[in-house]
Structure formats: C-alpha cells, structure tokens
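Enquirer: This is the content of data_5.cif (mmCIF, C-alpha atoms):
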data_start
loop_
_atom_site.label_atom_id
_atom_site.label_comp_id
_atom_site.auth_asym_id
_atom_site.auth_seq_id
_atom_site.Cartn_x
_atom_site.Cartn_y
_atom_site.Cartn_z
CA MET A 332 2.42 2.21 -13.16
CA LEU A 333 0.46 -0.72 -14.59
CA ILE A 334 -2.31 -1.92 -12.26
CA ASP A 335 -2.13 -5.66 -12.89
CA GLY A 336 -5.63 -6.96 -12.20
CA LYS A 337 -4.62 -10.49 -13.12
CA GLN A 338 -1.88 -10.61 -10.49
CA ILE A 339 -3.98 -8.92 -7.79
CA SER A 340 -6.88 -11.25 -8.57
CA GLN A 341 -4.63 -14.33 -8.34
CA SER A 342 -3.25 -13.22 -4.98
CA LEU A 343 -6.79 -12.70 -3.60
CA LYS A 344 -7.95 -16.10 -4.90
CA ASP A 345 -4.98 -17.77 -3.19
CA GLU A 346 -6.06 -16.15 0.09
CA MET A 347 -9.66 -17.28 -0.48
CA LYS A 348 -8.49 -20.85 -1.09
CA VAL A 349 -7.06 -20.97 2.43
CA GLU A 350 -10.16 -19.30 3.88
CA VAL A 351 -12.51 -21.77 2.17
CA GLU A 352 -10.51 -24.72 3.55
CA ASN A 353 -10.81 -23.28 7.07
CA LEU A 354 -14.53 -22.56 6.67
CA GLU A 355 -15.21 -26.14 5.55
CA LYS A 356 -13.36 -27.48 8.61
CA GLN A 357 -15.29 -25.13 10.89
CA TYR A 358 -18.81 -25.45 9.44
CA GLY A 359 -18.77 -28.82 7.66
CA ARG A 360 -19.48 -27.62 4.14
CA ARG A 361 -18.03 -25.39 1.45
CA PRO A 362 -19.59 -22.19 0.09
CA CYS A 363 -21.83 -22.93 -2.90
CA LEU A 364 -22.49 -20.78 -5.99
CA MET A 365 -25.22 -21.68 -8.48
CA VAL A 366 -25.01 -20.14 -11.95
CA ILE A 367 -27.98 -20.23 -14.34
CA ILE A 368 -27.56 -19.66 -18.06
CA VAL A 369 -30.46 -19.45 -20.51
CA GLY A 370 -29.77 -20.09 -24.20
CA ASP A 371 -26.53 -20.44 -26.11
CA ASN A 372 -24.91 -16.98 -26.23
CA PRO A 373 -21.17 -17.68 -26.85
CA ALA A 374 -19.99 -14.67 -24.80
CA SER A 375 -22.24 -15.65 -21.89
CA ARG A 376 -20.96 -19.24 -22.05
CA SER A 377 -17.39 -17.98 -21.89
CA TYR A 378 -18.21 -15.83 -18.84
CA VAL A 379 -19.93 -18.63 -16.94
CA ARG A 380 -17.05 -21.01 -17.67
CA GLY A 381 -14.72 -18.46 -16.09
CA LYS A 382 -16.94 -18.21 -13.02
CA ILE A 383 -17.22 -21.98 -12.51
CA LYS A 384 -13.46 -22.36 -13.03
CA ALA A 385 -12.83 -19.74 -10.33
CA THR A 386 -15.09 -21.57 -7.84
CA GLU A 387 -13.09 -24.75 -8.48
CA TYR A 388 -9.81 -22.91 -7.91
CA VAL A 389 -10.80 -21.45 -4.55
CA GLY A 390 -12.33 -24.77 -3.46
CA MET A 391 -16.00 -23.73 -3.45
CA ASP A 392 -18.87 -25.71 -4.90
CA GLY A 393 -19.86 -24.22 -8.25
CA HIS A 394 -22.71 -25.62 -10.33
CA LEU A 395 -24.10 -24.58 -13.70
CA ILE A 396 -27.79 -24.91 -14.57
CA GLU A 397 -28.31 -24.74 -18.34
CA LEU A 398 -31.75 -23.86 -19.66
CA PRO A 399 -32.82 -23.74 -23.32
CA GLU A 400 -33.35 -20.49 -25.24
CA ASP A 401 -37.12 -21.08 -25.31
CA CYS A 402 -37.30 -21.65 -21.54
CA SER A 403 -40.36 -19.85 -20.14
CA GLU A 404 -40.03 -17.04 -17.63
CA GLU A 405 -42.13 -19.08 -15.21
CA ARG A 406 -39.75 -22.03 -15.37
CA LEU A 407 -36.72 -19.80 -14.72
CA LEU A 408 -38.48 -18.18 -11.75
CA GLN A 409 -39.29 -21.66 -10.38
CA GLU A 410 -35.60 -22.67 -10.66
CA ILE A 411 -34.63 -19.53 -8.75
CA GLU A 412 -37.20 -20.16 -6.02
CA THR A 413 -35.91 -23.73 -5.56
CA LEU A 414 -32.38 -22.36 -5.06
CA ASN A 415 -33.68 -19.63 -2.72
CA GLN A 416 -35.09 -22.36 -0.46
CA ASP A 417 -32.00 -24.60 -0.61
CA GLN A 418 -30.05 -24.05 2.61
CA LYS A 419 -26.83 -25.33 1.02
CA VAL A 420 -26.86 -22.66 -1.70
CA ASP A 421 -25.15 -19.40 -0.73
CA GLY A 422 -25.00 -17.52 -4.01
CA ILE A 423 -27.29 -17.40 -7.06
CA LEU A 424 -26.29 -15.77 -10.32
CA VAL A 425 -28.38 -15.59 -13.49
CA GLN A 426 -26.14 -14.78 -16.44
CA LEU A 427 -27.30 -11.74 -18.39
CA PRO A 428 -28.47 -10.93 -21.01
CA LEU A 429 -31.59 -13.09 -21.03
CA PRO A 430 -33.75 -13.92 -24.06
CA LYS A 431 -36.14 -11.08 -24.90
CA HIS A 432 -39.27 -12.91 -23.70
CA ILE A 433 -37.91 -12.98 -20.11
CA SER A 434 -37.95 -9.87 -17.89
CA GLU A 435 -34.47 -9.27 -16.45
CA ASP A 436 -35.92 -6.99 -13.75
CA LYS A 437 -38.36 -9.69 -12.63
CA VAL A 438 -35.62 -12.34 -12.57
CA ILE A 439 -33.18 -10.18 -10.58
CA ALA A 440 -35.89 -9.31 -8.05
CA ALA A 441 -36.79 -13.02 -7.68
CA ILE A 442 -33.35 -13.94 -6.32
CA ALA A 443 -33.25 -13.82 -2.50
CA ALA A 444 -31.41 -10.59 -1.62
CA GLU A 445 -29.03 -12.42 0.72
CA LYS A 446 -28.02 -14.80 -2.13
CA ASP A 447 -27.77 -12.10 -4.80
CA VAL A 448 -23.98 -12.27 -5.22
CA ASP A 449 -24.11 -9.96 -8.27
CA GLY A 450 -25.43 -7.18 -6.03
CA PHE A 451 -28.21 -6.31 -8.51
CA HIS A 452 -31.29 -6.97 -6.34
CA PRO A 453 -33.31 -3.77 -5.67
CA GLU A 454 -32.85 -4.31 -1.93
CA ASN A 455 -29.05 -4.47 -2.24
CA VAL A 456 -29.05 -1.43 -4.54
CA ALA A 457 -31.18 0.54 -2.05
CA ARG A 458 -28.94 -0.47 0.84
CA LEU A 459 -25.84 0.64 -1.07
CA TRP A 460 -27.31 4.13 -1.53
CA LEU A 461 -28.54 4.23 2.08
CA ASN A 462 -25.09 3.26 3.46
CA GLN A 463 -26.47 0.05 4.94
CA PRO A 464 -24.85 -3.42 4.90
CA CYS A 465 -25.37 -5.05 1.51
CA ILE A 466 -23.83 -7.20 -1.19
CA LEU A 467 -21.81 -4.88 -3.43
CA PRO A 468 -21.85 -5.26 -7.23
CA CYS A 469 -18.71 -7.10 -8.34
CA THR A 470 -17.14 -4.74 -10.88
CA PRO A 471 -17.40 -1.54 -8.78
CA LYS A 472 -16.17 -3.44 -5.73
CA GLY A 473 -13.21 -4.76 -7.77
CA ILE A 474 -12.34 -1.25 -9.00
CA LEU A 475 -12.02 0.01 -5.42
CA VAL A 476 -9.80 -2.95 -4.53
CA LEU A 477 -7.56 -2.23 -7.55
CA LEU A 478 -7.18 1.42 -6.52
CA ASP A 479 -6.34 0.40 -2.96
CA LYS A 480 -3.82 -2.25 -4.02
CA ALA A 481 -2.16 0.27 -6.33
CA GLY A 482 -1.85 2.71 -3.44
CA VAL A 483 -4.05 5.33 -5.12
CA GLU A 484 -5.34 7.82 -2.57
CA ILE A 485 -9.10 8.34 -2.90
CA ALA A 486 -10.12 10.68 -0.07
CA GLY A 487 -10.19 14.31 -1.13
CA LYS A 488 -9.44 13.50 -4.77
CA LYS A 489 -11.53 14.39 -7.82
CA ALA A 490 -13.01 11.33 -9.53
CA VAL A 491 -14.79 11.31 -12.88
CA VAL A 492 -16.84 8.27 -13.91
CA VAL A 493 -17.65 8.19 -17.63
CA GLY A 494 -20.80 6.07 -17.90
CA ARG A 495 -24.00 5.94 -15.86
CA SER A 496 -25.11 2.30 -15.99
CA ASN A 497 -26.75 0.68 -12.98
CA ILE A 498 -24.15 -2.08 -13.06
CA VAL A 499 -20.93 -0.01 -13.07
CA GLY A 500 -21.22 3.77 -13.48
CA LYS A 501 -23.65 4.68 -10.71
CA PRO A 502 -22.46 2.19 -8.06
CA VAL A 503 -18.75 2.91 -8.56
CA ALA A 504 -19.53 6.64 -8.22
CA LYS A 505 -21.30 5.89 -4.92
CA LEU A 506 -18.39 3.78 -3.62
CA LEU A 507 -15.91 6.54 -4.49
CA LEU A 508 -18.18 9.08 -2.79
CA ASP A 509 -18.27 6.87 0.32
CA ARG A 510 -14.46 7.00 0.34
CA ASN A 511 -14.61 10.82 0.36
CA ALA A 512 -13.76 11.49 -3.28
CA THR A 513 -15.48 14.39 -5.04
CA VAL A 514 -17.32 12.58 -7.83
CA THR A 515 -18.64 13.64 -11.23
CA ILE A 516 -20.69 11.25 -13.35
CA ALA A 517 -20.15 12.11 -17.01
CA HIS A 518 -21.85 10.62 -20.09
CA SER A 519 -22.53 11.04 -23.80
CA ARG A 520 -24.47 14.29 -23.23
CA THR A 521 -21.78 15.91 -21.08
CA LYS A 522 -20.61 19.18 -22.61
CA ASP A 523 -16.87 19.27 -23.36
CA LEU A 524 -16.28 15.78 -22.00
CA PRO A 525 -12.47 15.91 -22.47
CA ALA A 526 -12.26 19.02 -20.26
CA VAL A 527 -14.40 17.38 -17.54
CA CYS A 528 -12.24 14.24 -17.63
CA ARG A 529 -9.02 16.28 -17.42
CA GLU A 530 -10.08 17.45 -13.97
CA ALA A 531 -9.97 13.89 -12.66
CA ASP A 532 -7.33 12.52 -10.32
CA ILE A 533 -9.16 9.20 -10.78
CA LEU A 534 -10.80 8.52 -14.14
CA VAL A 535 -13.11 5.50 -14.55
CA ALA A 536 -14.03 4.73 -18.16
CA ALA A 537 -17.21 2.65 -18.38
CA VAL A 538 -18.84 4.05 -21.48
CA GLY A 539 -18.75 1.03 -23.83
CA ARG A 540 -17.02 2.78 -26.75
CA PRO A 541 -13.72 1.33 -28.00
CA GLN A 542 -10.66 3.48 -27.22
CA MET A 543 -12.78 6.62 -26.80
CA ILE A 544 -10.67 8.00 -23.94
CA THR A 545 -7.48 9.37 -25.51
CA ALA A 546 -4.58 11.30 -23.96
CA ASP A 547 -6.55 14.53 -24.47
CA TYR A 548 -9.02 13.35 -21.80
CA VAL A 549 -6.41 12.59 -19.14
CA LYS A 550 -4.73 14.77 -16.55
CA GLU A 551 -1.00 14.19 -16.09
CA GLY A 552 -0.49 11.59 -13.34
CA ALA A 553 -4.15 10.54 -13.07
CA ALA A 554 -5.18 6.98 -12.15
CA VAL A 555 -7.12 5.54 -15.11
CA ILE A 556 -9.43 2.54 -14.65
CA ASP A 557 -10.64 1.01 -17.93
CA VAL A 558 -13.85 -1.01 -17.51
CA GLY A 559 -14.53 -1.42 -21.24
CA ILE A 560 -14.31 -4.73 -23.07
CA ASN A 561 -14.72 -4.27 -26.83
CA ARG A 562 -13.74 -6.55 -29.68
CA VAL A 563 -12.07 -4.67 -32.54
CA ASP A 564 -10.53 -6.56 -35.49
CA GLY A 565 -10.44 -9.73 -33.43
CA HIS A 566 -8.65 -8.08 -30.50
CA LEU A 567 -9.97 -7.06 -27.09
CA VAL A 568 -9.60 -3.36 -26.36
CA GLY A 569 -10.92 -1.13 -23.61
CA ASP A 570 -12.69 2.21 -23.60
CA VAL A 571 -9.26 3.82 -23.14
CA ASP A 572 -6.70 4.22 -25.93
CA PHE A 573 -4.00 2.54 -23.86
CA GLU A 574 -1.04 3.46 -26.09
CA SER A 575 -1.68 7.21 -25.96
CA VAL A 576 -2.90 7.37 -22.35
CA ALA A 577 -0.37 5.10 -20.56
CA PRO A 578 2.61 7.53 -20.80
CA LYS A 579 0.48 10.30 -19.27
CA ALA A 580 -1.28 8.32 -16.52
CA GLY A 581 0.16 7.82 -13.07
CA ALA A 582 -1.50 4.39 -12.93
CA ILE A 583 -3.59 2.50 -15.49
CA THR A 584 -5.37 -0.83 -15.90
CA PRO A 585 -4.81 -2.82 -19.11
CA VAL A 586 -7.46 -4.58 -21.21
CA PRO A 587 -7.48 -7.52 -20.96
CA GLY A 588 -6.01 -8.25 -17.53
CA GLY A 589 -7.26 -5.28 -15.55
CA VAL A 590 -10.80 -4.94 -14.22
CA GLY A 591 -12.09 -8.18 -15.83
CA PRO A 592 -10.31 -10.71 -13.56
CA MET A 593 -11.30 -8.67 -10.50
CA THR A 594 -15.01 -8.90 -11.33
CA ILE A 595 -14.96 -12.71 -11.10
CA THR A 596 -12.77 -12.61 -7.97
CA MET A 597 -15.23 -10.27 -6.24
CA LEU A 598 -18.02 -12.70 -7.17
CA MET A 599 -16.10 -15.39 -5.27
CA GLN A 600 -15.64 -13.00 -2.35
CA ASN A 601 -19.34 -12.09 -2.31
CA THR A 602 -20.29 -15.80 -2.25
CA ILE A 603 -17.94 -16.43 0.67
CA GLU A 604 -19.33 -13.41 2.54
CA SER A 605 -22.91 -14.57 1.92
CA TYR A 606 -21.96 -18.04 3.17
CA LYS A 607 -20.38 -16.64 6.35
CA LEU A 608 -23.44 -14.55 7.17
CA ARG A 609 -25.72 -17.54 6.60
CA VAL A 610 -23.74 -20.09 8.65
CA ARG A 611 -22.96 -17.74 11.53
CA LYS A 612 -26.42 -16.24 11.96
CA PRO A 613 -29.67 -15.88 10.02
CA PHE A 614 -29.08 -13.29 7.30
CA GLY A 615 -31.55 -10.48 7.85
CA LEU A 616 -31.46 -8.20 4.85
#
I'd like the structure from this file rewritten - as structure tokens, please.

Expert:
Amino acid sequence: MLIDGKQISQSLKDEMKVEVENLEKQYGRRPCLMVIIVGDNPASRSYVRGKIKATEYVGMDGHLIELPEDCSEERLLQEIETLNQDQKVDGILVQLPLPKHISEDKVIAAIAAEKDVDGFHPENVARLWLNQPCILPCTPKGILVLLDKAGVEIAGKKAVVVGRSNIVGKPVAKLLLDRNATVTIAHSRTKDLPAVCREADILVAAVGRPQMITADYVKEGAAVIDVGINRVDGHLVGDVDFESVAPKAGAITPVPGGVGPMTITMLMQNTIESYKLRVRKPFGL
C-alpha cells in the first residue's frame, strides 16, 4: 500500500481552507504566519516559497521577510522581537540553516514559544518530553498523521527510528512512544543495524543517507516511513531504496510525495492552532 502524502496533505489543506474562512468570520482576522529567510540559499528559497504558497491556498496571511547574507545576529533578533510583540502574528518561522555567524540556538530560543510553529523552541521541546501541551514539530507530527490515515496500528507495535536528530528522530520516537509503541532509536553506531530494523512493525528512516534502507532491513509487511530527501544524479530519492523495499512493505511512503508535503501542511495546522489559542484566551506556555 502506497501512503500518498500528497493526497492526504491536499485533503487536510482543503479542510483547513474551510476552517480558516470560519475563523475569520468569527474573530475578524485570518491566521498569520511570518517566515524569515537570511541569505540566498536556493534550497531554502524553494522551501519558503512552498510554505508561503500553502498559506495562500488555505486562506491564511503569509509574509516573507528577506534579510541579506551579511545580516547581523542582532538585527535578526530584533526582527523576531518585533514579530513576538505583534498581536496579529500567530506563527514565526526562521528558515534554517542560517549563515555561520548567526547562532541557530539563540535564534530559535528568541521566538516566543507560543508562536514557534516549527516546534523547536526549548520550551516546546521540554513540554513534548514532559507530556504537556505544546506545539509539535511538523515532520514528526506529519508522520503520525500519515500512519493514522493509512490505518497503521501503532499501539503495542515495535517501531524502529533510524536517526537521532532533534528535528525528526528523537521527537518522532517520543510521539510513537506516547501512542504505546515499543520504540528503538537506531543510528550509525548501532550494531547489526539491518537485524534491528527487521524487528520493526513500523520503520522510520531519517538517517540522511540515500537509499540506505534496502529490503534486507525490512520485515515482511512492515510500515515504512521515508523521511529522507537526497538529490542523486538530478533526481530526488529517499533514505529507503523504494524499488527493493516496496514489494516487501505492508505500507510505504514515496519520495517525493510522502512525508514532505505533510511537513508543510502540519506547519499550516500549527499556525491555525496557535491562532486559536491566542484569540480564544491568552496563551500561557
């Protein structure tokens, strides 16, 4: 079974479109997402275009602030503080990576936790691990939605996450754990990685190595979620060797068209959720 992230994402955005219309009628304004990009990284520009386009589709306000490569850290922090104070801004996203002279940790921590729609702020991360209300990181949140939409049972199943990044590996492991899966986080130092992966009913590949996960890593009938986006010979491929794994998997996401579209859709959802908390009551993270 192919888990079509593009189709699921489109369906969710159509639902959000209706919700945004109703919210504007009820509260007199639309949710607003501000995206900041520093420098001229082509990949980053492509990502932010996708994010702004999605805001337009669902009927939200989406604005892009473009800063030069040599922008000082202080200036970027001032821009963030201005947006923190703006009552009409619900979500703030600073596109990563940043130029080397700017501290990503400092920038992420500067965004108000209740407007941190990426879910990267230390307060949101802490709340995730403490099982408290928080803004969830977009890619892990999207992975859980894909599994649910595909009808993959999570409770009581063995899940293996290959990759231990703060953005995907660790948080998706926590979300699976919260849904009562038995979770293993594997990585480059894991002994006999194929054998560990073969135990998985749910296998999440977020290791950043093109087509590393072959059929030898996959248990018959497992659900395989491919988070990787790698460019090889001008083509986008995942961390999973789709051709060899697909016949063996019970369900699998393609690259492109799997996890990627869901990440942007969850960003829209996070912005709407932040907006609702802010217009209905003071957000007290």

Enquirer: If you measure from atom CA of A:Asp449 to atom CA of A:Lys472, what distance in Å do you get, rounded to one decimal?

Expert: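 Distance between the two atoms: 10.6 Å.
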
Enquirer: Which residue out of A:Asn561, A:Ser434, A:Gln409, A:Thr470 has the minimum interatomic distance to A:Met593 when all atoms listed in the file are used?

Expert: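 The shortest atom-to-atom distance to A:Met593 comes from A:Thr470.
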
Enquirer: Since I can't run it myself right now, could you work out what the PyMOL selection byres ((chain A and resi 599-612) around 9) selects here and report it as a ChimeraX atom specification?

Expert: /A:343-344,347,350-351,354,358,361-364,382,385-386,389,391,418,420-423,445-450,466-469,594-598,613-615

Enquirer: Interatomic distance between atom CA of A:Pro373 and atom CA of A:Ile442?

Expert: 24.2 Å

Enquirer: Between A:Asp479, A:Leu407, A:Arg495, A:Pro502, single out the one closest to A:Ala582, counting only C-alpha atoms.

Expert: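 So, comparing all the options, the nearest one is A:Asp479.
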
Enquirer: With distances taken over all atoms listed in the file, which residue among A:Ala537, A:Val514, A:Gly552, A:Pro430 lies nearest A:Asp401?

Expert: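 For A:Asp401, the nearest of the given residues is A:Pro430.
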
Enquirer: Once the PyMOL selection byres ((chain A and resi 492) around 7) has been applied to the shown file, what residues remain in the selection, as a list in words?

Expert: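 Selected by the PyMOL selection byres ((chain A and resi 492) around 7) in this file: Ala490, Val491, Val493, Gly494, Gly500, Ala504, Thr515, Ile516, Ala517, Leu534, Val535 and Ala536 of chain A.
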
Enquirer: Let me see the file: selected residues, C-alpha atoms, as a tab-separated table (two decimals), in the frame of the given file.

Expert:
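Saved as result17.tsv:
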chain	number	residue	atom	x	y	z
A	490	ALA	CA	-13.01	11.33	-9.53
A	491	VAL	CA	-14.79	11.31	-12.88
A	493	VAL	CA	-17.65	8.19	-17.63
A	494	GLY	CA	-20.80	6.07	-17.90
A	500	GLY	CA	-21.22	3.77	-13.48
A	504	ALA	CA	-19.53	6.64	-8.22
A	515	THR	CA	-18.64	13.64	-11.23
A	516	ILE	CA	-20.69	11.25	-13.35
A	517	ALA	CA	-20.15	12.11	-17.01
A	534	LEU	CA	-10.80	8.52	-14.14
A	535	VAL	CA	-13.11	5.50	-14.55
A	536	ALA	CA	-14.03	4.73	-18.16

Enquirer: Smallest atom-to-atom distance to A:Arg380: which of A:Leu395, A:Ala441, A:Val571, A:Leu427, using all atoms listed in the file?

Expert: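 Result for the nearest residue to A:Arg380: A:Leu395.
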
Enquirer: Just give me the gap between atom CA of A:Val456 and atom CA of A:Leu506 in Å, one decimal is fine.

Expert: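 Distance between the two atoms: 11.9 Å.
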
Enquirer: Selection in question (the file shown): the PyMOL selection byres ((chain A and resi 569) around 10). Which residues does it include, as number ranges by chain?

Expert: A: 536-544, 556-563, 567-568, 570-573, 584-587, 589

Enquirer: Please write the residues from the selection above to a file, keeping C-alpha atoms, as a compact mmCIF listing (two decimals), keeping the file's coordinate frame.

Expert:
# COMPACT_ATOMS: atom_id res chain seq x y z
CA ALA A 536 -14.03 4.73 -18.16
CA ALA A 537 -17.21 2.65 -18.38
CA VAL A 538 -18.84 4.05 -21.48
CA GLY A 539 -18.75 1.03 -23.83
CA ARG A 540 -17.02 2.78 -26.75
CA PRO A 541 -13.72 1.33 -28.00
CA GLN A 542 -10.66 3.48 -27.22
CA MET A 543 -12.78 6.62 -26.80
CA ILE A 544 -10.67 8.00 -23.94
CA ILE A 556 -9.43 2.54 -14.65
CA ASP A 557 -10.64 1.01 -17.93
CA VAL A 558 -13.85 -1.01 -17.51
CA GLY A 559 -14.53 -1.42 -21.24
CA ILE A 560 -14.31 -4.73 -23.07
CA ASN A 561 -14.72 -4.27 -26.83
CA ARG A 562 -13.74 -6.55 -29.68
CA VAL A 563 -12.07 -4.67 -32.54
CA LEU A 567 -9.97 -7.06 -27.09
CA VAL A 568 -9.60 -3.36 -26.36
CA ASP A 570 -12.69 2.21 -23.60
CA VAL A 571 -9.26 3.82 -23.14
CA ASP A 572 -6.70 4.22 -25.93
CA PHE A 573 -4.00 2.54 -23.86
CA THR A 584 -5.37 -0.83 -15.90
CA PRO A 585 -4.81 -2.82 -19.11
CA VAL A 586 -7.46 -4.58 -21.21
CA PRO A 587 -7.48 -7.52 -20.96
CA GLY A 589 -7.26 -5.28 -15.55
